[in-house]
>>> print(open('model-v4.csv').read())   # CSV, C-alpha atoms (C1' of nucleotides)
chain,number,residue,atom,x,y,z
A,205,MET,CA,112.8,105.7,111.4
A,206,ASN,CA,112.4,102.4,113.3
A,207,HIS,CA,110.8,99.2,112.3
A,208,TRP,CA,108.7,96.8,114.4
A,209,LEU,CA,106.6,93.7,114.3
A,210,VAL,CA,103.2,93.4,116.0
A,211,LYS,CA,101.4,90.1,116.4
A,212,SER,CA,97.7,89.5,116.5
A,213,GLU,CA,95.7,86.3,116.4
A,214,PRO,CA,93.5,86.8,113.3
A,215,GLU,CA,90.5,85.3,115.3
A,216,ALA,CA,90.9,88.1,117.8
A,217,TYR,CA,91.9,91.0,115.5
A,218,SER,CA,92.7,90.5,111.9
A,219,TRP,CA,94.4,92.5,109.2
A,220,ALA,CA,91.1,92.6,107.4
A,221,ALA,CA,89.4,94.1,110.4
A,222,PHE,CA,92.3,96.6,110.8
A,223,VAL,CA,91.9,97.7,107.1
A,224,ARG,CA,88.1,97.8,107.4
A,225,GLU,CA,88.4,100.1,110.4
A,226,GLY,CA,91.2,102.2,108.9
A,227,GLY,CA,93.3,101.8,112.0
A,228,THR,CA,93.2,101.0,115.7
A,229,ASP,CA,94.6,101.7,119.1
A,230,TRP,CA,97.0,98.7,119.7
A,231,THR,CA,95.6,97.8,123.1
A,232,GLY,CA,95.9,94.8,125.2
A,233,VAL,CA,99.6,94.5,125.5
A,234,ARG,CA,100.3,93.2,129.1
A,235,ASN,CA,104.0,92.5,129.0
A,236,TYR,CA,106.7,94.9,130.1
A,237,GLN,CA,109.1,94.2,127.3
A,238,ALA,CA,106.4,94.6,124.7
A,239,ARG,CA,105.2,97.8,126.4
A,240,ASN,CA,108.7,99.2,126.3
A,241,ASN,CA,108.8,98.5,122.6
A,242,LEU,CA,105.4,100.3,122.2
A,243,GLN,CA,106.8,103.3,124.1
A,244,ALA,CA,109.8,103.5,121.7
A,245,MET,CA,107.6,103.8,118.6
A,246,ARG,CA,107.4,107.1,116.9
A,247,PRO,CA,105.0,108.5,114.3
A,248,GLY,CA,106.1,107.4,110.9
A,249,ASP,CA,107.6,104.1,112.1
A,250,LEU,CA,106.5,101.0,110.2
A,251,ALA,CA,105.4,97.7,111.7
A,252,LEU,CA,105.0,94.3,110.1
A,253,PHE,CA,101.6,92.9,111.0
A,254,TYR,CA,101.9,89.2,111.8
A,255,HIS,CA,99.0,86.8,112.2
A,256,SER,CA,99.9,84.3,114.9
A,257,VAL,CA,98.5,80.9,115.8
A,258,SER,CA,96.2,80.0,112.9
A,259,GLU,CA,97.9,81.6,110.0
A,260,LYS,CA,101.5,82.3,111.1
A,261,ALA,CA,102.4,84.8,108.4
A,262,VAL,CA,103.2,88.4,108.0
A,263,VAL,CA,100.3,89.9,106.1
A,264,GLY,CA,100.8,93.6,106.0
A,265,VAL,CA,102.5,96.8,107.1
A,266,ALA,CA,101.1,99.2,109.6
A,267,LEU,CA,102.1,102.8,110.1
A,268,VAL,CA,102.5,104.3,113.6
A,269,GLU,CA,100.3,107.4,113.8
A,270,ALA,CA,100.7,108.4,117.4
A,271,VAL,CA,103.1,107.7,120.3
A,272,ALA,CA,102.1,105.5,123.2
A,273,ALA,CA,99.3,106.7,125.4
A,274,PRO,CA,97.6,105.0,128.4
A,275,ASP,CA,95.8,101.9,127.2
A,276,ALA,CA,92.1,102.7,127.6
A,277,THR,CA,91.3,99.0,128.1
A,278,ALA,CA,93.6,98.8,131.2
A,279,GLU,CA,92.8,100.0,134.7
A,280,ALA,CA,93.4,103.6,135.4
A,281,GLY,CA,96.9,104.1,136.8
A,282,SER,CA,98.2,100.8,135.3
A,283,PRO,CA,101.5,100.9,133.3
A,284,TRP,CA,100.0,99.7,130.1
A,285,VAL,CA,100.0,101.8,126.9
A,286,ALA,CA,98.7,101.7,123.4
A,287,VAL,CA,99.9,103.3,120.1
A,288,ARG,CA,97.7,104.3,117.3
A,289,LEU,CA,98.3,102.3,114.1
A,290,ARG,CA,96.8,102.5,110.7
A,291,PRO,CA,97.1,100.3,107.6
A,292,HIS,CA,100.0,101.2,105.4
A,293,ALA,CA,100.2,98.4,102.8
A,294,ALA,CA,99.1,94.8,102.4
A,295,LEU,CA,101.7,92.4,101.3
A,296,ALA,CA,101.0,91.0,97.8
A,297,ARG,CA,101.7,87.6,99.3
A,298,PRO,CA,101.7,86.7,103.0
A,299,VAL,CA,105.1,85.6,104.2
A,300,PRO,CA,104.7,82.5,106.3
A,301,LEU,CA,106.7,81.8,109.4
A,302,ALA,CA,108.4,78.9,107.7
A,303,ALA,CA,109.7,81.4,105.0
A,304,LEU,CA,111.0,83.7,107.7
A,305,LYS,CA,112.8,80.8,109.4
A,306,ALA,CA,114.2,79.6,106.1
A,307,ASP,CA,115.8,83.0,105.2
A,308,ALA,CA,119.3,83.4,106.4
A,309,ARG,CA,118.9,87.2,106.4
A,310,LEU,CA,116.2,86.8,109.1
A,311,ALA,CA,118.1,84.5,111.5
A,312,GLY,CA,118.3,87.2,114.0
A,313,LEU,CA,114.7,88.3,113.8
A,314,ALA,CA,113.3,88.9,117.3
A,315,LEU,CA,110.1,87.1,116.4
A,316,LEU,CA,112.0,83.9,115.9
A,317,ARG,CA,114.3,84.3,118.9
A,318,GLN,CA,111.5,85.2,121.3
A,319,SER,CA,108.3,83.9,119.8
A,320,ARG,CA,106.0,84.9,122.6
A,321,LEU,CA,106.8,88.6,122.6
A,322,SER,CA,104.0,90.4,120.9
A,323,VAL,CA,105.7,93.6,120.0
A,324,THR,CA,109.3,93.3,118.7
A,325,PRO,CA,111.9,95.5,117.0
A,326,VAL,CA,112.9,94.7,113.5
A,327,ARG,CA,116.1,95.8,111.9
A,328,ALA,CA,115.8,97.8,108.7
A,329,GLU,CA,117.6,95.1,106.6
A,330,GLU,CA,115.2,92.5,108.1
A,331,PHE,CA,112.2,94.7,107.4
A,332,ASP,CA,113.3,95.1,103.7
A,333,ALA,CA,114.0,91.3,103.4
A,334,VAL,CA,110.4,90.5,104.6
A,335,LEU,CA,108.9,93.0,102.2
A,336,ALA,CA,110.9,91.5,99.4
A,337,LEU,CA,109.6,88.0,100.3
A,338,GLY,CA,106.0,89.5,100.3
A,339,GLU,CA,106.2,91.0,96.9
A,340,GLY,CA,104.0,89.5,94.2
A,341,ASN,CA,105.5,87.8,91.1
B,83,DG,C1',95.8,68.6,122.0
B,84,DC,C1',100.4,68.8,123.6
B,85,DC,C1',104.2,71.0,125.3
B,86,DA,C1',108.2,74.3,125.5
B,87,DA,C1',109.2,78.9,126.7
B,88,DC,C1',108.7,82.2,129.7
B,89,DG,C1',106.4,85.6,132.8
B,90,DT,C1',104.0,86.1,137.2
B,91,DT,C1',102.7,84.9,141.8
B,92,DG,C1',103.2,83.7,146.4
B,93,DG,C1',105.2,81.0,150.2
B,94,DC,C1',109.1,80.8,152.8
C,163,DG,C1',115.3,87.5,147.5
C,164,DC,C1',114.7,82.7,146.0
C,165,DC,C1',112.3,79.4,143.6
C,166,DA,C1',108.4,76.2,142.9
C,167,DA,C1',103.9,76.4,141.1
C,168,DC,C1',101.0,78.0,137.9
C,169,DG,C1',99.1,80.5,133.9
C,170,DT,C1',99.6,82.0,129.1
C,171,DT,C1',101.3,82.1,124.5
C,172,DG,C1',102.0,80.1,120.4
C,173,DG,C1',104.3,76.6,117.4
C,174,DC,C1',103.8,72.0,116.1
>>> encode(input="model-v4.csv", output="structure tokens")
Amino acid sequence: MNHWLVKSEPEAYSWAAFVREGGTDWTGVRNYQARNNLQAMRPGDLALFYHSVSEKAVVGVALVEAVAAPDATAEAGSPWVAVRLRPHAALARPVPLAALKADARLAGLALLRQSRLSVTPVRAEEFDAVLALGEGN
DNA sequence: GCCAACGTTGGC
DNA sequence: GCCAACGTTGGC
């Protein structure tokens, strides 16, 4: 199983909306590197759900339900794809960007190294470390 | 609101 | 094919 991180501006599409809807097609990715990451996702993979810009925190975990398919919001024949995601678990405590940066185990996190990329791979150890930071006390 | 990073576009 | 200009993203 592989692990990922997807970003969303909460003002555009929040974790709360994602939970309310029970899942979504992760559309709107218009960057080739991010698209390649979407295409590498397999059902059963888990993705950290990160709120960018206003909150800057990992807030939950999504489950990949279906492999990449053409993005319905893109022009027909375009190279853009979307995967189907559904909520897997909320974090007891959001893990802020500052906490990610402060943790030595996460120094190699793709999110930190390439902050503009909206879909990034996450190593299993990194994924576990983030979940541990998000556990309640 | 500013600006750094970085991807894309278009002139040559 | 190079690279300057420009647009977008996202942290601060």
>>> closest_atom_pairs(input="model-v4.csv", of="range 223-341 of chain A", to="chain C", cutoff="8 Å", atoms="all atoms listed in the file", output="Markdown table")
| residue | atom | partner | partner_atom | distance |
| --- | --- | --- | --- | --- |
| A:Ser256 | CA | C:DG172 | C1' | 7.2 |
| A:Val257 | CA | C:DG172 | C1' | 5.8 |
| A:Ser319 | CA | C:DG172 | C1' | 7.4 |
| A:Arg320 | CA | C:DT171 | C1' | 5.8 |
>>> atom_distance(input="model-v4.csv", atom1="CA of Glu329 in chain A", atom2="CA of Arg317 in chain A")
16.7 Å
>>> closest_residue(input="model-v4.csv", among="A:Phe253, A:Arg290, A:Ala272, A:Glu259", to="chain C", atoms="all atoms listed in the file")
A:Glu259
>>> atom_distance(input="model-v4.csv", atom1="CA of Gly264 in chain A", atom2="CA of Trp219 in chain A")
7.2 Å
>>> atom_distance(input="model-v4.csv", atom1="CA of Val326 in chain A", atom2="CA of Leu209 in chain A")
6.4 Å
>>> closest_atom_pairs(input="model-v4.csv", of="chain A", to="chain C", cutoff="12 Å", atoms="only C-alpha atoms (C1' of nucleotides)", output="JSON lines")
{"residue": "A:Lys211", "atom": "CA", "partner": "C:DG172", "partner_atom": "C1'", "distance": 10.8}
{"residue": "A:Ser212", "atom": "CA", "partner": "C:DG172", "partner_atom": "C1'", "distance": 11.0}
{"residue": "A:Glu213", "atom": "CA", "partner": "C:DG172", "partner_atom": "C1'", "distance": 9.7}
{"residue": "A:Arg234", "atom": "CA", "partner": "C:DT170", "partner_atom": "C1'", "distance": 11.2}
{"residue": "A:Asn235", "atom": "CA", "partner": "C:DT170", "partner_atom": "C1'", "distance": 11.4}
{"residue": "A:His255", "atom": "CA", "partner": "C:DG172", "partner_atom": "C1'", "distance": 11.0}
{"residue": "A:Ser256", "atom": "CA", "partner": "C:DG172", "partner_atom": "C1'", "distance": 7.2}
{"residue": "A:Val257", "atom": "CA", "partner": "C:DG172", "partner_atom": "C1'", "distance": 5.8}
{"residue": "A:Ser258", "atom": "CA", "partner": "C:DG172", "partner_atom": "C1'", "distance": 9.5}
{"residue": "A:Glu259", "atom": "CA", "partner": "C:DG173", "partner_atom": "C1'", "distance": 11.0}
{"residue": "A:Lys260", "atom": "CA", "partner": "C:DG173", "partner_atom": "C1'", "distance": 8.9}
{"residue": "A:Leu301", "atom": "CA", "partner": "C:DG173", "partner_atom": "C1'", "distance": 9.8}
{"residue": "A:Ala302", "atom": "CA", "partner": "C:DG173", "partner_atom": "C1'", "distance": 10.8}
{"residue": "A:Leu315", "atom": "CA", "partner": "C:DG172", "partner_atom": "C1'", "distance": 11.4}
{"residue": "A:Leu316", "atom": "CA", "partner": "C:DG173", "partner_atom": "C1'", "distance": 10.7}
{"residue": "A:Gln318", "atom": "CA", "partner": "C:DG172", "partner_atom": "C1'", "distance": 10.8}
{"residue": "A:Ser319", "atom": "CA", "partner": "C:DG172", "partner_atom": "C1'", "distance": 7.4}
{"residue": "A:Arg320", "atom": "CA", "partner": "C:DT171", "partner_atom": "C1'", "distance": 5.8}
{"residue": "A:Leu321", "atom": "CA", "partner": "C:DT171", "partner_atom": "C1'", "distance": 8.7}
{"residue": "A:Ser322", "atom": "CA", "partner": "C:DT171", "partner_atom": "C1'", "distance": 9.4}
>>> decode(input="model-v4.csv", residues="range 260-296 of chain A", atoms="N, CA, C and O atoms", output="mmCIF file, in the first residue's frame")
data_model
loop_
_atom_site.group_PDB
_atom_site.id
_atom_site.type_symbol
_atom_site.label_atom_id
_atom_site.label_comp_id
_atom_site.auth_asym_id
_atom_site.auth_seq_id
_atom_site.Cartn_x
_atom_site.Cartn_y
_atom_site.Cartn_z
ATOM 1 N N LYS A 260 -3.383 25.473 7.187
ATOM 2 C CA LYS A 260 -2.054 24.880 7.136
ATOM 3 C C LYS A 260 -1.893 23.762 8.168
ATOM 4 O O LYS A 260 -1.065 23.844 9.087
ATOM 5 N N ALA A 261 -2.714 22.726 8.009
ATOM 6 C CA ALA A 261 -2.628 21.591 8.920
ATOM 7 C C ALA A 261 -3.186 20.347 8.235
ATOM 8 O O ALA A 261 -4.097 20.436 7.407
ATOM 9 N N VAL A 262 -2.608 19.202 8.604
ATOM 10 C CA VAL A 262 -3.196 17.928 8.208
ATOM 11 C C VAL A 262 -4.383 17.684 9.125
ATOM 12 O O VAL A 262 -4.257 17.771 10.347
ATOM 13 N N VAL A 263 -5.529 17.404 8.532
ATOM 14 C CA VAL A 263 -6.739 17.294 9.350
ATOM 15 C C VAL A 263 -7.385 15.912 9.317
ATOM 16 O O VAL A 263 -8.204 15.586 10.179
ATOM 17 N N GLY A 264 -7.043 15.111 8.329
ATOM 18 C CA GLY A 264 -7.695 13.810 8.247
ATOM 19 C C GLY A 264 -6.977 12.874 7.298
ATOM 20 O O GLY A 264 -5.930 13.215 6.746
ATOM 21 N N VAL A 265 -7.552 11.705 7.147
ATOM 22 C CA VAL A 265 -7.012 10.684 6.247
ATOM 23 C C VAL A 265 -8.115 10.260 5.291
ATOM 24 O O VAL A 265 -9.244 9.971 5.718
ATOM 25 N N ALA A 266 -7.776 10.227 4.008
ATOM 26 C CA ALA A 266 -8.715 9.781 2.975
ATOM 27 C C ALA A 266 -8.286 8.427 2.444
ATOM 28 O O ALA A 266 -7.104 8.075 2.483
ATOM 29 N N LEU A 267 -9.261 7.686 1.962
ATOM 30 C CA LEU A 267 -9.000 6.372 1.374
ATOM 31 C C LEU A 267 -9.237 6.462 -0.131
ATOM 32 O O LEU A 267 -10.253 7.009 -0.585
ATOM 33 N N VAL A 268 -8.309 5.918 -0.894
ATOM 34 C CA VAL A 268 -8.487 5.866 -2.346
ATOM 35 C C VAL A 268 -9.459 4.734 -2.670
ATOM 36 O O VAL A 268 -9.232 3.581 -2.310
ATOM 37 N N GLU A 269 -10.553 5.098 -3.332
ATOM 38 C CA GLU A 269 -11.576 4.113 -3.679
ATOM 39 C C GLU A 269 -11.438 3.597 -5.098
ATOM 40 O O GLU A 269 -11.830 2.479 -5.393
ATOM 41 N N ALA A 270 -10.991 4.460 -5.991
ATOM 42 C CA ALA A 270 -10.925 4.068 -7.398
ATOM 43 C C ALA A 270 -9.731 4.712 -8.069
ATOM 44 O O ALA A 270 -9.350 5.834 -7.729
ATOM 45 N N VAL A 271 -9.141 3.997 -9.008
ATOM 46 C CA VAL A 271 -7.969 4.509 -9.723
ATOM 47 C C VAL A 271 -8.348 5.728 -10.558
ATOM 48 O O VAL A 271 -9.525 6.032 -10.768
ATOM 49 N N ALA A 272 -7.316 6.390 -11.045
ATOM 50 C CA ALA A 272 -7.502 7.621 -11.811
ATOM 51 C C ALA A 272 -8.353 7.372 -13.056
ATOM 52 O O ALA A 272 -8.195 6.371 -13.759
ATOM 53 N N ALA A 273 -9.240 8.309 -13.298
ATOM 54 C CA ALA A 273 -10.097 8.308 -14.490
ATOM 55 C C ALA A 273 -10.098 9.733 -15.015
ATOM 56 O O ALA A 273 -9.738 10.665 -14.288
ATOM 57 N N PRO A 274 -10.490 9.945 -16.267
ATOM 58 C CA PRO A 274 -10.494 11.313 -16.789
ATOM 59 C C PRO A 274 -11.238 12.276 -15.869
ATOM 60 O O PRO A 274 -12.304 11.947 -15.345
ATOM 61 N N ASP A 275 -10.652 13.444 -15.668
ATOM 62 C CA ASP A 275 -11.247 14.473 -14.819
ATOM 63 C C ASP A 275 -12.448 15.081 -15.546
ATOM 64 O O ASP A 275 -12.299 15.734 -16.578
ATOM 65 N N ALA A 276 -13.618 14.883 -14.978
ATOM 66 C CA ALA A 276 -14.855 15.349 -15.626
ATOM 67 C C ALA A 276 -14.923 16.866 -15.715
ATOM 68 O O ALA A 276 -15.686 17.411 -16.506
ATOM 69 N N THR A 277 -14.103 17.549 -14.923
ATOM 70 C CA THR A 277 -14.130 19.013 -14.958
ATOM 71 C C THR A 277 -13.147 19.575 -15.982
ATOM 72 O O THR A 277 -13.059 20.790 -16.146
ATOM 73 N N ALA A 278 -12.385 18.707 -16.636
ATOM 74 C CA ALA A 278 -11.434 19.149 -17.658
ATOM 75 C C ALA A 278 -12.021 18.908 -19.048
ATOM 76 O O ALA A 278 -12.970 18.147 -19.208
ATOM 77 N N GLU A 279 -11.446 19.575 -20.027
ATOM 78 C CA GLU A 279 -11.912 19.391 -21.406
ATOM 79 C C GLU A 279 -11.718 17.944 -21.848
ATOM 80 O O GLU A 279 -10.752 17.292 -21.463
ATOM 81 N N ALA A 280 -12.640 17.473 -22.668
ATOM 82 C CA ALA A 280 -12.514 16.132 -23.218
ATOM 83 C C ALA A 280 -11.198 16.040 -23.990
ATOM 84 O O ALA A 280 -10.828 16.952 -24.712
ATOM 85 N N GLY A 281 -10.491 14.950 -23.779
ATOM 86 C CA GLY A 281 -9.223 14.766 -24.473
ATOM 87 C C GLY A 281 -8.034 15.373 -23.752
ATOM 88 O O GLY A 281 -6.897 15.208 -24.175
ATOM 89 N N SER A 282 -8.288 16.058 -22.649
ATOM 90 C CA SER A 282 -7.187 16.636 -21.890
ATOM 91 C C SER A 282 -6.505 15.533 -21.078
ATOM 92 O O SER A 282 -7.075 14.468 -20.877
ATOM 93 N N PRO A 283 -5.299 15.803 -20.613
ATOM 94 C CA PRO A 283 -4.555 14.754 -19.899
ATOM 95 C C PRO A 283 -4.917 14.642 -18.419
ATOM 96 O O PRO A 283 -4.330 13.829 -17.719
ATOM 97 N N TRP A 284 -5.864 15.418 -17.965
ATOM 98 C CA TRP A 284 -6.077 15.499 -16.512
ATOM 99 C C TRP A 284 -6.986 14.395 -16.005
ATOM 100 O O TRP A 284 -7.955 14.007 -16.674
ATOM 101 N N VAL A 285 -6.649 13.918 -14.824
ATOM 102 C CA VAL A 285 -7.381 12.793 -14.240
ATOM 103 C C VAL A 285 -7.810 13.111 -12.806
ATOM 104 O O VAL A 285 -7.318 14.058 -12.189
ATOM 105 N N ALA A 286 -8.726 12.291 -12.320
ATOM 106 C CA ALA A 286 -9.176 12.405 -10.935
ATOM 107 C C ALA A 286 -9.281 11.008 -10.350
ATOM 108 O O ALA A 286 -9.550 10.044 -11.067
ATOM 109 N N VAL A 287 -9.058 10.898 -9.047
ATOM 110 C CA VAL A 287 -9.314 9.640 -8.343
ATOM 111 C C VAL A 287 -10.528 9.843 -7.440
ATOM 112 O O VAL A 287 -10.882 10.975 -7.096
ATOM 113 N N ARG A 288 -11.138 8.750 -7.059
ATOM 114 C CA ARG A 288 -12.242 8.808 -6.108
ATOM 115 C C ARG A 288 -11.684 8.622 -4.713
ATOM 116 O O ARG A 288 -10.984 7.645 -4.441
ATOM 117 N N LEU A 289 -11.992 9.572 -3.832
ATOM 118 C CA LEU A 289 -11.540 9.494 -2.435
ATOM 119 C C LEU A 289 -12.748 9.482 -1.521
ATOM 120 O O LEU A 289 -13.777 10.104 -1.819
ATOM 121 N N ARG A 290 -12.601 8.780 -0.399
ATOM 122 C CA ARG A 290 -13.631 8.912 0.627
ATOM 123 C C ARG A 290 -12.970 9.061 1.984
ATOM 124 O O ARG A 290 -11.827 8.643 2.193
ATOM 125 N N PRO A 291 -13.683 9.664 2.939
ATOM 126 C CA PRO A 291 -13.096 9.864 4.261
ATOM 127 C C PRO A 291 -12.759 8.527 4.905
ATOM 128 O O PRO A 291 -13.521 7.568 4.785
ATOM 129 N N HIS A 292 -11.630 8.490 5.567
ATOM 130 C CA HIS A 292 -11.209 7.281 6.280
ATOM 131 C C HIS A 292 -11.229 7.539 7.779
ATOM 132 O O HIS A 292 -11.847 6.796 8.517
ATOM 133 N N ALA A 293 -10.572 8.607 8.204
ATOM 134 C CA ALA A 293 -10.570 8.960 9.626
ATOM 135 C C ALA A 293 -10.164 10.412 9.801
ATOM 136 O O ALA A 293 -9.273 10.892 9.096
ATOM 137 N N ALA A 294 -10.799 11.084 10.716
ATOM 138 C CA ALA A 294 -10.347 12.424 11.089
ATOM 139 C C ALA A 294 -9.218 12.279 12.093
ATOM 140 O O ALA A 294 -9.174 11.308 12.848
ATOM 141 N N LEU A 295 -8.292 13.219 12.111
ATOM 142 C CA LEU A 295 -7.281 13.232 13.158
ATOM 143 C C LEU A 295 -7.913 13.801 14.424
ATOM 144 O O LEU A 295 -8.733 14.723 14.358
ATOM 145 N N ALA A 296 -7.540 13.238 15.571
ATOM 146 C CA ALA A 296 -8.055 13.767 16.837
ATOM 147 C C ALA A 296 -7.640 15.224 16.999
ATOM 148 O O ALA A 296 -8.419 16.048 17.476
#
